[in-house]
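input.cif follows; it contains mmCIF, C-alpha atoms.
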```cif
data_input
#
loop_
_atom_site.group_PDB
_atom_site.id
_atom_site.type_symbol
_atom_site.label_atom_id
_atom_site.label_comp_id
_atom_site.auth_asym_id
_atom_site.auth_seq_id
_atom_site.Cartn_x
_atom_site.Cartn_y
_atom_site.Cartn_z
ATOM 1 C CA MET T 173 15.829 197.070 -151.600
ATOM 2 C CA PRO T 174 14.089 194.716 -149.138
ATOM 3 C CA SER T 175 12.717 191.410 -150.406
ATOM 4 C CA ARG T 176 9.025 190.889 -151.064
ATOM 5 C CA ASP T 177 8.762 188.849 -147.829
ATOM 6 C CA GLU T 178 10.415 191.576 -145.762
ATOM 7 C CA ILE T 179 7.992 194.115 -147.207
ATOM 8 C CA PHE T 180 5.060 191.799 -146.497
ATOM 9 C CA GLU T 181 6.089 191.421 -142.839
ATOM 10 C CA LYS T 182 6.282 195.196 -142.347
ATOM 11 C CA VAL T 183 2.989 195.763 -144.150
ATOM 12 C CA LYS T 184 1.450 193.074 -141.970
ATOM 13 C CA ALA T 185 2.734 194.757 -138.790
ATOM 14 C CA ALA T 186 1.276 198.087 -139.959
ATOM 15 C CA LEU T 187 -2.107 196.509 -140.675
ATOM 16 C CA VAL T 188 -2.190 194.623 -137.363
ATOM 17 C CA ASP T 189 -1.567 197.907 -135.523
ATOM 18 C CA ALA T 190 -3.901 200.037 -137.611
ATOM 19 C CA LEU T 191 -6.826 197.625 -137.837
ATOM 20 C CA GLY T 192 -6.510 195.687 -134.602
ATOM 21 C CA VAL T 193 -6.589 192.372 -136.483
ATOM 22 C CA ASP T 194 -4.629 189.218 -135.665
ATOM 23 C CA ASP T 195 -1.391 188.318 -137.433
ATOM 24 C CA ASP T 196 -2.887 185.274 -139.112
ATOM 25 C CA GLU T 197 -5.781 187.253 -140.577
ATOM 26 C CA VAL T 198 -3.387 189.317 -142.668
ATOM 27 C CA SER T 199 -2.848 186.889 -145.553
ATOM 28 C CA PRO T 200 -1.776 188.157 -148.993
ATOM 29 C CA GLY T 201 -5.206 187.466 -150.459
ATOM 30 C CA ALA T 202 -7.210 189.103 -147.664
ATOM 31 C CA THR T 203 -9.213 192.096 -148.854
ATOM 32 C CA MET T 204 -8.583 195.315 -146.966
ATOM 33 C CA VAL T 205 -12.196 196.288 -146.482
ATOM 34 C CA GLY T 206 -14.159 193.034 -146.733
ATOM 35 C CA ASP T 207 -11.861 190.739 -144.752
ATOM 36 C CA LEU T 208 -9.895 193.137 -142.523
ATOM 37 C CA GLY T 209 -12.658 195.667 -141.919
ATOM 38 C CA ALA T 210 -10.716 198.773 -142.971
ATOM 39 C CA GLU T 211 -12.793 201.957 -143.076
ATOM 40 C CA SER T 212 -11.878 205.123 -144.925
ATOM 41 C CA ILE T 213 -10.265 206.700 -141.857
ATOM 42 C CA ASP T 214 -8.145 203.560 -141.448
ATOM 43 C CA PHE T 215 -6.530 204.228 -144.818
ATOM 44 C CA LEU T 216 -5.235 207.539 -143.480
ATOM 45 C CA ASP T 217 -3.818 205.678 -140.485
ATOM 46 C CA ILE T 218 -2.329 202.968 -142.744
ATOM 47 C CA VAL T 219 -0.720 205.650 -144.928
ATOM 48 C CA PHE T 220 0.960 207.115 -141.820
ATOM 49 C CA ARG T 221 2.262 203.747 -140.722
ATOM 50 C CA LEU T 222 3.553 202.709 -144.157
ATOM 51 C CA GLU T 223 5.297 206.057 -144.632
ATOM 52 C CA LYS T 224 7.046 205.598 -141.308
ATOM 53 C CA ALA T 225 7.878 201.915 -141.746
ATOM 54 C CA PHE T 226 9.382 202.349 -145.206
ATOM 55 C CA GLY T 227 10.484 206.002 -145.247
ATOM 56 C CA ILE T 228 8.276 206.744 -148.260
ATOM 57 C CA LYS T 229 5.852 209.547 -149.116
ATOM 58 C CA ILE T 230 2.324 208.572 -150.056
ATOM 59 C CA PRO T 231 0.350 211.375 -151.712
ATOM 60 C CA ARG T 232 -3.297 211.638 -150.791
ATOM 61 C CA GLY T 233 -5.558 209.430 -152.918
ATOM 62 C CA GLU T 234 -2.733 207.273 -154.256
ATOM 63 C CA LEU T 235 -3.368 204.238 -152.080
ATOM 64 C CA PHE T 236 -7.133 204.524 -151.871
ATOM 65 C CA PRO T 237 -8.657 206.558 -154.715
ATOM 66 C CA GLU T 238 -11.620 207.963 -152.834
ATOM 67 C CA ASP T 239 -11.688 211.021 -155.084
ATOM 68 C CA VAL T 240 -12.209 208.861 -158.200
ATOM 69 C CA LEU T 241 -14.901 206.783 -156.516
ATOM 70 C CA SER T 242 -16.841 209.867 -155.446
ATOM 71 C CA SER T 243 -16.474 211.836 -158.680
ATOM 72 C CA SER T 244 -19.498 212.406 -160.919
ATOM 73 C CA GLU T 245 -17.107 212.405 -163.861
ATOM 74 C CA TYR T 246 -16.010 208.848 -163.181
ATOM 75 C CA VAL T 247 -19.117 207.318 -161.641
ATOM 76 C CA THR T 248 -22.427 206.811 -163.471
ATOM 77 C CA ASN T 249 -25.426 205.321 -161.654
ATOM 78 C CA GLY T 250 -23.291 203.929 -158.862
ATOM 79 C CA LYS T 251 -20.864 202.257 -161.263
ATOM 80 C CA VAL T 252 -17.383 203.341 -162.219
ATOM 81 C CA ASN T 253 -17.534 204.185 -165.946
ATOM 82 C CA ALA T 254 -14.903 203.544 -168.605
ATOM 83 C CA ALA T 255 -13.112 206.823 -167.925
ATOM 84 C CA GLY T 256 -13.148 205.960 -164.224
ATOM 85 C CA ILE T 257 -11.659 202.521 -164.823
ATOM 86 C CA ALA T 258 -8.934 204.134 -166.921
ATOM 87 C CA ALA T 259 -8.269 206.633 -164.124
ATOM 88 C CA LEU T 260 -8.099 203.854 -161.528
ATOM 89 C CA LYS T 261 -5.687 201.829 -163.665
ATOM 90 C CA ALA T 262 -3.445 204.829 -164.192
ATOM 91 C CA ARG T 263 -3.559 205.690 -160.494
ATOM 92 C CA MET T 264 -3.198 202.159 -159.162
ATOM 93 C CA PRO T 265 -0.892 200.113 -161.381
ATOM 94 C CA PHE T 266 -0.188 197.956 -158.305
ATOM 95 C CA ALA T 267 -3.789 196.718 -158.030
ATOM 96 C CA ASP T 268 -5.377 193.873 -159.952
ATOM 97 C CA LEU T 269 -8.650 195.372 -161.149
ATOM 98 C CA THR T 270 -9.761 192.473 -163.381
ATOM 99 C CA LYS T 271 -12.497 191.266 -161.032
ATOM 100 C CA PHE T 272 -13.664 194.775 -160.308
ATOM 101 C CA GLU T 273 -14.044 195.518 -164.007
ATOM 102 C CA ALA T 274 -16.540 192.662 -164.328
ATOM 103 C CA ASN T 275 -18.823 194.402 -161.814
ATOM 104 C CA PRO T 276 -17.565 197.936 -161.299
ATOM 105 C CA SER T 277 -20.136 199.151 -158.793
ATOM 106 C CA VAL T 278 -18.568 201.580 -156.335
ATOM 107 C CA GLN T 279 -19.617 199.422 -153.396
ATOM 108 C CA ASN T 280 -17.784 196.519 -154.925
ATOM 109 C CA PHE T 281 -14.487 198.390 -154.827
ATOM 110 C CA ALA T 282 -14.373 197.662 -151.121
ATOM 111 C CA ASN T 283 -13.630 194.042 -151.937
ATOM 112 C CA THR T 284 -11.004 194.769 -154.547
ATOM 113 C CA LEU T 285 -7.880 195.935 -152.732
ATOM 114 C CA THR T 286 -5.933 193.138 -151.060
ATOM 115 C CA VAL T 287 -2.971 192.941 -148.717
ATOM 116 C CA GLU T 288 -0.844 191.810 -151.675
ATOM 117 C CA ASP T 289 -1.832 195.038 -153.480
ATOM 118 C CA MET T 290 -0.422 196.977 -150.519
ATOM 119 C CA VAL T 291 2.808 194.985 -150.768
ATOM 120 C CA ARG T 292 3.031 195.633 -154.523
ATOM 121 C CA TYR T 293 2.357 199.307 -153.932
ATOM 122 C CA VAL T 294 5.226 199.581 -151.458
ATOM 123 C CA GLN T 295 7.520 197.596 -153.790
ATOM 124 C CA GLY T 296 6.741 200.080 -156.551
ATOM 125 C CA LYS T 297 7.435 203.056 -154.277
ATOM 126 C CA LEU T 298 10.735 201.638 -153.072
ATOM 127 C CA ALA T 299 11.847 200.829 -156.623
ATOM 128 C CA ALA T 300 10.996 204.307 -157.888
ATOM 129 C CA MET R 516 -22.662 223.875 -122.783
ATOM 130 C CA ARG R 517 -19.220 222.569 -123.605
ATOM 131 C CA TRP R 518 -17.755 219.176 -122.995
ATOM 132 C CA PHE R 519 -14.645 219.818 -120.878
ATOM 133 C CA TRP R 520 -12.694 216.821 -119.672
ATOM 134 C CA ILE R 521 -9.459 218.518 -118.703
ATOM 135 C CA ASP R 522 -9.083 221.246 -116.089
ATOM 136 C CA ARG R 523 -5.825 222.875 -117.129
ATOM 137 C CA PHE R 524 -2.460 222.297 -118.765
ATOM 138 C CA ASP R 525 0.670 222.017 -116.639
ATOM 139 C CA GLU R 526 3.089 221.652 -119.535
ATOM 140 C CA PHE R 527 2.705 222.552 -123.192
ATOM 141 C CA VAL R 528 5.610 222.311 -125.619
ATOM 142 C CA ARG R 529 4.419 223.360 -129.049
ATOM 143 C CA GLY R 530 4.424 220.542 -131.592
ATOM 144 C CA LYS R 531 5.931 218.071 -129.112
ATOM 145 C CA ARG R 532 4.166 217.188 -125.872
ATOM 146 C CA ALA R 533 1.723 218.409 -123.267
ATOM 147 C CA THR R 534 0.510 217.473 -119.810
ATOM 148 C CA ALA R 535 -2.994 218.276 -118.605
ATOM 149 C CA VAL R 536 -4.749 217.444 -115.369
ATOM 150 C CA LYS R 537 -8.288 216.345 -114.672
ATOM 151 C CA ASN R 538 -9.620 216.359 -111.127
ATOM 152 C CA VAL R 539 -12.227 213.677 -110.716
ATOM 153 C CA SER R 540 -15.084 214.830 -108.477
ATOM 154 C CA LEU R 541 -18.214 213.319 -107.037
ATOM 155 C CA ALA R 542 -19.900 216.595 -107.972
ATOM 156 C CA GLU R 543 -19.908 215.446 -111.617
ATOM 157 C CA GLU R 544 -23.438 214.419 -112.317
ATOM 158 C CA HIS R 545 -22.707 211.224 -114.213
ATOM 159 C CA MET R 546 -20.931 209.887 -111.125
ATOM 160 C CA HIS R 547 -24.226 209.749 -109.271
ATOM 161 C CA ASP R 548 -25.536 206.941 -111.424
ATOM 162 C CA HIS R 549 -22.297 205.391 -112.574
ATOM 163 C CA PHE R 550 -22.626 203.497 -110.343
ATOM 164 C CA PRO R 551 -24.786 204.183 -107.273
ATOM 165 C CA GLY R 552 -22.500 203.708 -104.283
ATOM 166 C CA VAL R 553 -19.489 202.851 -106.477
ATOM 167 C CA ALA R 554 -18.746 206.053 -108.388
ATOM 168 C CA LEU R 555 -16.110 205.774 -111.084
ATOM 169 C CA MET R 556 -15.088 207.752 -114.139
ATOM 170 C CA PRO R 557 -15.953 205.833 -117.319
ATOM 171 C CA ASN R 558 -12.830 205.127 -119.337
ATOM 172 C CA SER R 559 -14.608 206.449 -122.425
ATOM 173 C CA LEU R 560 -14.456 209.859 -120.713
ATOM 174 C CA VAL R 561 -10.811 209.294 -119.827
ATOM 175 C CA VAL R 562 -10.249 208.824 -123.575
ATOM 176 C CA GLU R 563 -12.074 212.111 -124.161
ATOM 177 C CA GLY R 564 -9.731 213.851 -121.696
ATOM 178 C CA MET R 565 -6.752 212.281 -123.438
ATOM 179 C CA ALA R 566 -8.145 213.432 -126.798
ATOM 180 C CA GLN R 567 -8.633 216.996 -125.567
ATOM 181 C CA THR R 568 -5.050 217.098 -124.286
ATOM 182 C CA ALA R 569 -3.577 215.724 -127.503
ATOM 183 C CA GLY R 570 -6.118 217.474 -129.750
ATOM 184 C CA LEU R 571 -5.245 220.962 -128.474
ATOM 185 C CA LEU R 572 -1.538 220.124 -128.752
ATOM 186 C CA VAL R 573 -2.049 219.138 -132.388
ATOM 187 C CA ALA R 574 -4.406 222.002 -133.231
ATOM 188 C CA ASP R 575 -1.864 224.502 -131.886
ATOM 189 C CA ALA R 576 0.896 222.807 -133.883
ATOM 190 C CA ILE R 577 -1.028 223.410 -137.120
ATOM 191 C CA GLU R 578 -1.958 226.935 -136.008
ATOM 192 C CA PHE R 579 -5.650 226.070 -135.642
ATOM 193 C CA ASN R 580 -6.070 226.297 -139.398
ATOM 194 C CA ARG R 581 -7.892 222.957 -139.758
ATOM 195 C CA ARG R 582 -10.515 221.190 -137.697
ATOM 196 C CA VAL R 583 -8.856 218.565 -135.558
ATOM 197 C CA VAL R 584 -11.172 215.634 -135.026
ATOM 198 C CA LEU R 585 -10.555 212.434 -133.097
ATOM 199 C CA ALA R 586 -10.865 209.953 -135.939
ATOM 200 C CA LYS R 587 -9.772 206.769 -134.310
ATOM 201 C CA VAL R 588 -8.655 205.243 -131.041
ATOM 202 C CA ALA R 589 -5.964 203.028 -132.511
ATOM 203 C CA GLY R 590 -5.416 201.215 -129.213
ATOM 204 C CA ALA R 591 -6.354 201.803 -125.584
ATOM 205 C CA GLU R 592 -5.638 199.902 -122.404
ATOM 206 C CA PHE R 593 -6.738 200.672 -118.849
ATOM 207 C CA HIS R 594 -5.239 199.301 -115.663
ATOM 208 C CA PHE R 595 -7.624 200.537 -112.976
ATOM 209 C CA ASP R 596 -10.637 202.831 -112.611
ATOM 210 C CA ALA R 597 -10.379 206.525 -111.779
ATOM 211 C CA VAL R 598 -12.582 207.459 -108.808
ATOM 212 C CA PRO R 599 -13.652 210.710 -107.104
ATOM 213 C CA GLY R 600 -10.664 212.375 -105.432
ATOM 214 C CA ASP R 601 -8.202 211.183 -108.067
ATOM 215 C CA THR R 602 -6.191 213.641 -110.133
ATOM 216 C CA LEU R 603 -5.540 212.269 -113.591
ATOM 217 C CA ARG R 604 -2.448 213.509 -115.408
ATOM 218 C CA PHE R 605 -2.712 213.114 -119.147
ATOM 219 C CA GLU R 606 0.642 213.173 -120.925
ATOM 220 C CA ALA R 607 0.370 213.492 -124.693
ATOM 221 C CA THR R 608 3.212 213.126 -127.181
ATOM 222 C CA ILE R 609 2.946 213.735 -130.900
ATOM 223 C CA LEU R 610 4.318 210.683 -132.715
ATOM 224 C CA ASP R 611 3.598 211.899 -136.212
ATOM 225 C CA LEU R 612 2.199 215.119 -137.599
ATOM 226 C CA LYS R 613 1.135 215.803 -141.168
ATOM 227 C CA PRO R 614 -1.195 218.382 -142.696
ATOM 228 C CA THR R 615 -3.983 215.809 -143.060
ATOM 229 C CA GLY R 616 -3.670 213.965 -139.744
ATOM 230 C CA SER R 617 -1.645 213.141 -136.678
ATOM 231 C CA LEU R 618 -0.905 210.252 -134.367
ATOM 232 C CA CYS R 619 -0.431 210.790 -130.622
ATOM 233 C CA LYS R 620 0.442 208.605 -127.687
ATOM 234 C CA VAL R 621 -1.289 209.572 -124.440
ATOM 235 C CA THR R 622 -0.939 208.150 -120.948
ATOM 236 C CA SER R 623 -3.135 208.733 -117.916
ATOM 237 C CA ARG R 624 -1.576 208.551 -114.446
ATOM 238 C CA VAL R 625 -2.810 208.864 -110.887
ATOM 239 C CA GLY R 626 0.308 209.791 -108.916
ATOM 240 C CA ASP R 627 2.944 207.366 -110.178
ATOM 241 C CA ARG R 628 0.466 204.721 -111.232
ATOM 242 C CA LEU R 629 -0.311 204.213 -114.903
ATOM 243 C CA GLN R 630 -4.099 204.308 -115.142
ATOM 244 C CA GLY R 631 -4.426 204.058 -118.919
ATOM 245 C CA GLU R 632 -2.666 204.483 -122.243
ATOM 246 C CA ALA R 633 -3.907 205.053 -125.748
ATOM 247 C CA GLU R 634 -2.837 205.817 -129.280
ATOM 248 C CA LEU R 635 -5.083 208.438 -130.798
ATOM 249 C CA PHE R 636 -5.381 209.288 -134.446
ATOM 250 C CA PHE R 637 -6.682 212.713 -135.440
ATOM 251 C CA ALA R 638 -7.939 213.783 -138.843
ATOM 252 C CA HIS R 639 -7.318 217.428 -139.743
ATOM 253 C CA LEU R 640 -10.265 218.495 -141.847
ATOM 254 C CA GLU R 641 -10.779 221.567 -143.942
ATOM 255 C CA PRO R 642 -14.096 223.392 -144.202
ATOM 256 C CA GLY R 643 -16.353 221.395 -146.499
ATOM 257 C CA GLU R 644 -14.994 218.032 -145.415
ATOM 258 C CA GLY R 645 -18.091 217.136 -143.450
ATOM 259 C CA VAL R 646 -17.402 218.683 -140.060
ATOM 260 C CA PRO R 647 -19.237 221.823 -138.949
ATOM 261 C CA LYS R 648 -17.318 224.731 -137.455
ATOM 262 C CA LEU R 649 -16.349 223.582 -133.978
ATOM 263 C CA PHE R 650 -15.636 226.919 -132.281
ATOM 264 C CA GLU R 651 -16.012 230.622 -132.751
ATOM 265 C CA PRO R 652 -12.484 232.087 -132.484
ATOM 266 C CA GLU R 653 -13.190 234.074 -129.317
ATOM 267 C CA GLU R 654 -14.785 231.056 -127.692
ATOM 268 C CA LEU R 655 -11.778 228.911 -128.539
ATOM 269 C CA LEU R 656 -9.406 231.550 -127.206
ATOM 270 C CA GLN R 657 -11.408 231.690 -123.982
ATOM 271 C CA TRP R 658 -10.964 227.953 -123.586
ATOM 272 C CA LEU R 659 -7.224 228.142 -124.325
ATOM 273 C CA ASP R 660 -6.883 230.888 -121.712
ATOM 274 C CA GLN R 661 -8.863 228.825 -119.221
ATOM 275 C CA MET R 662 -6.462 225.950 -119.921
ATOM 276 C CA HIS R 663 -3.473 228.264 -119.207
ATOM 277 C CA ILE R 664 -1.874 227.388 -122.522
ATOM 278 C CA TYR R 665 -0.411 230.883 -123.008
ATOM 279 C CA ASP R 666 0.718 231.059 -119.373
ATOM 280 C CA ILE R 667 2.767 227.897 -119.386
ATOM 281 C CA GLY R 668 3.171 227.101 -123.092
ATOM 282 C CA ARG R 669 6.616 227.177 -124.667
ATOM 283 C CA ASP R 670 8.016 226.533 -128.092
ATOM 284 C CA GLU R 671 10.804 224.019 -128.597
ATOM 285 C CA ALA R 672 13.455 226.637 -127.880
ATOM 286 C CA GLY R 673 11.786 227.451 -124.549
ATOM 287 C CA ARG R 674 10.282 230.778 -125.621
ATOM 288 C CA PRO R 675 6.784 231.662 -124.361
ATOM 289 C CA LEU R 676 3.955 231.202 -126.865
ATOM 290 C CA ALA R 677 2.410 234.351 -128.283
ATOM 291 C CA ARG R 678 -1.325 234.568 -127.603
ATOM 292 C CA PRO R 679 -3.144 234.822 -130.943
ATOM 293 C CA ASP R 680 -4.952 238.008 -131.748
ATOM 294 C CA TRP R 681 -8.377 236.667 -132.753
#
```

Output the file's structure as structure tokens, nothing else.
Amino acid sequence: MPSRDEIFEKVKAALVDALGVDDDEVSPGATMVGDLGAESIDFLDIVFRLEKAFGIKIPRGELFPEDVLSSSEYVTNGKVNAAGIAALKARMPFADLTKFEANPSVQNFANTLTVEDMVRYVQGKLAA
Amino acid sequence: MRWFWIDRFDEFVRGKRATAVKNVSLAEEHMHDHFPGVALMPNSLVVEGMAQTAGLLVADAIEFNRRVVLAKVAGAEFHFDAVPGDTLRFEATILDLKPTGSLCKVTSRVGDRLQGEAELFFAHLEPGEGVPKLFEPEELLQWLDQMHIYDIGRDEAGRPLARPDW
């Protein structure tokens, strides 16, 4: 099992390649969408690169829950409802959703996922 | 009208790699204004030729059962401009192929000189995922024939590719 720092370095390399950002922009606290400019198609690219870098399988929707965020069951008036928050927490135990819960508008989700969340996600996959 | 930026395939190994050529000609209308007296092929169109080479390679690999769309140019670098009289050779290699997407590396050469290189990311979309039907089957088959894919195409074991019966 690689150390947290080793995982971070590989995640960083994947994000630099996928998003065309500089090394020093990829800090643990940087948000994927707000700070690094990731768009939905980039998440597909990132999934490819992480799978290759770590030899893991990432099922669709596990890293970026676009299906939850676009579901009428989980979204009411542009905000993720209680059932949606529960679904996100179940789906994404690696992500810290505390801030998002305070203002769970779908648009706001863009500024929720961070680089550290990606690292935690990979750690969880490798430990499984 | 269709948007053709390759003239034919010279090599096509199913699921692996393909080489296509594009003859750059002053007869192409955009050359007349781009730029007057200094005609050159815009590299954005070189990327389109690269994407057609790699896109058909990928679409064949997934048996044309999803819509292959250029989703992202993950990186592209060009070393000189292609001009009328040049023959571009696009060499595409599949780096990664999954049901939902693929990543390809493509180079563009004029003779032995590396003109450009790019990493292209394709999304493979199913009907209902926001992309209209791109081709009628017979129209697609006509294009594949025009590209000589079933004349020169081989599978990994070197066997000729069967032409689909659409």

Shell of 10 Å around Glu288 (chain T), all atoms listed in the file, local chain residues under 6 positions omitted, as number ranges by chain: T: 176, 180, 183, 198-204, 266-268, 294

Spatial neighbours of region 620-624 of chain R, max dist 8 Å, all atoms listed in the file, sep filter under 3 positions, as a PyMOL selection string: chain R and resi 561+565+569+603-610+627-635

Å distance separating CA of Asn538 (chain R) from CA of Pro652 (chain R), one decimal place: 26.7 Å

Given the PyMOL selection byres ((chain T) within 12 of (chain R)), the residues it picks as JSON, numbers by chain: {"T": [186, 187, 188, 189, 190, 191, 192, 193, 210, 211, 212, 213, 214, 215, 216, 217, 218, 219, 220, 221, 223, 224, 229, 230, 231, 232, 233]}

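Taking all atoms listed in the file into account, the polymer residues that have an atom no farther than 12 Å from (-6.8, 209.1, -161.9) are Arg232, Gly233, Glu234, Leu235, Phe236, Pro237, Glu238, Asp239, Val240, Leu241, Ser242, Ser243, Glu245, Tyr246, Ala254, Ala255, Gly256, Ile257, Ala258, Ala259, Leu260, Lys261, Ala262, Arg263, Met264 and Pro265 of chain T.
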
From R:Glu671, R:Asp666, R:Asp575, R:Glu644, residue lying nearest Phe524 (chain R) [only C-alpha atoms]: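 Of R:Glu671, R:Asp666, R:Asp575, R:Glu644, the one nearest Phe524 (chain R), counting only C-alpha atoms, is R:Asp666.
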
Selected residue of minimal separation from Gly250 (chain T) among T:Asp289, T:Phe281, T:Lys182, T:Phe226, counting only C-alpha atoms: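 For Gly250 (chain T), the nearest of the candidates is T:Phe281.
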
Distance criterion (all atoms listed in the file): nearest to Val287 (chain T) out of T:Pro174, T:Ala274, T:Gly206, T:Lys251: T:Gly206
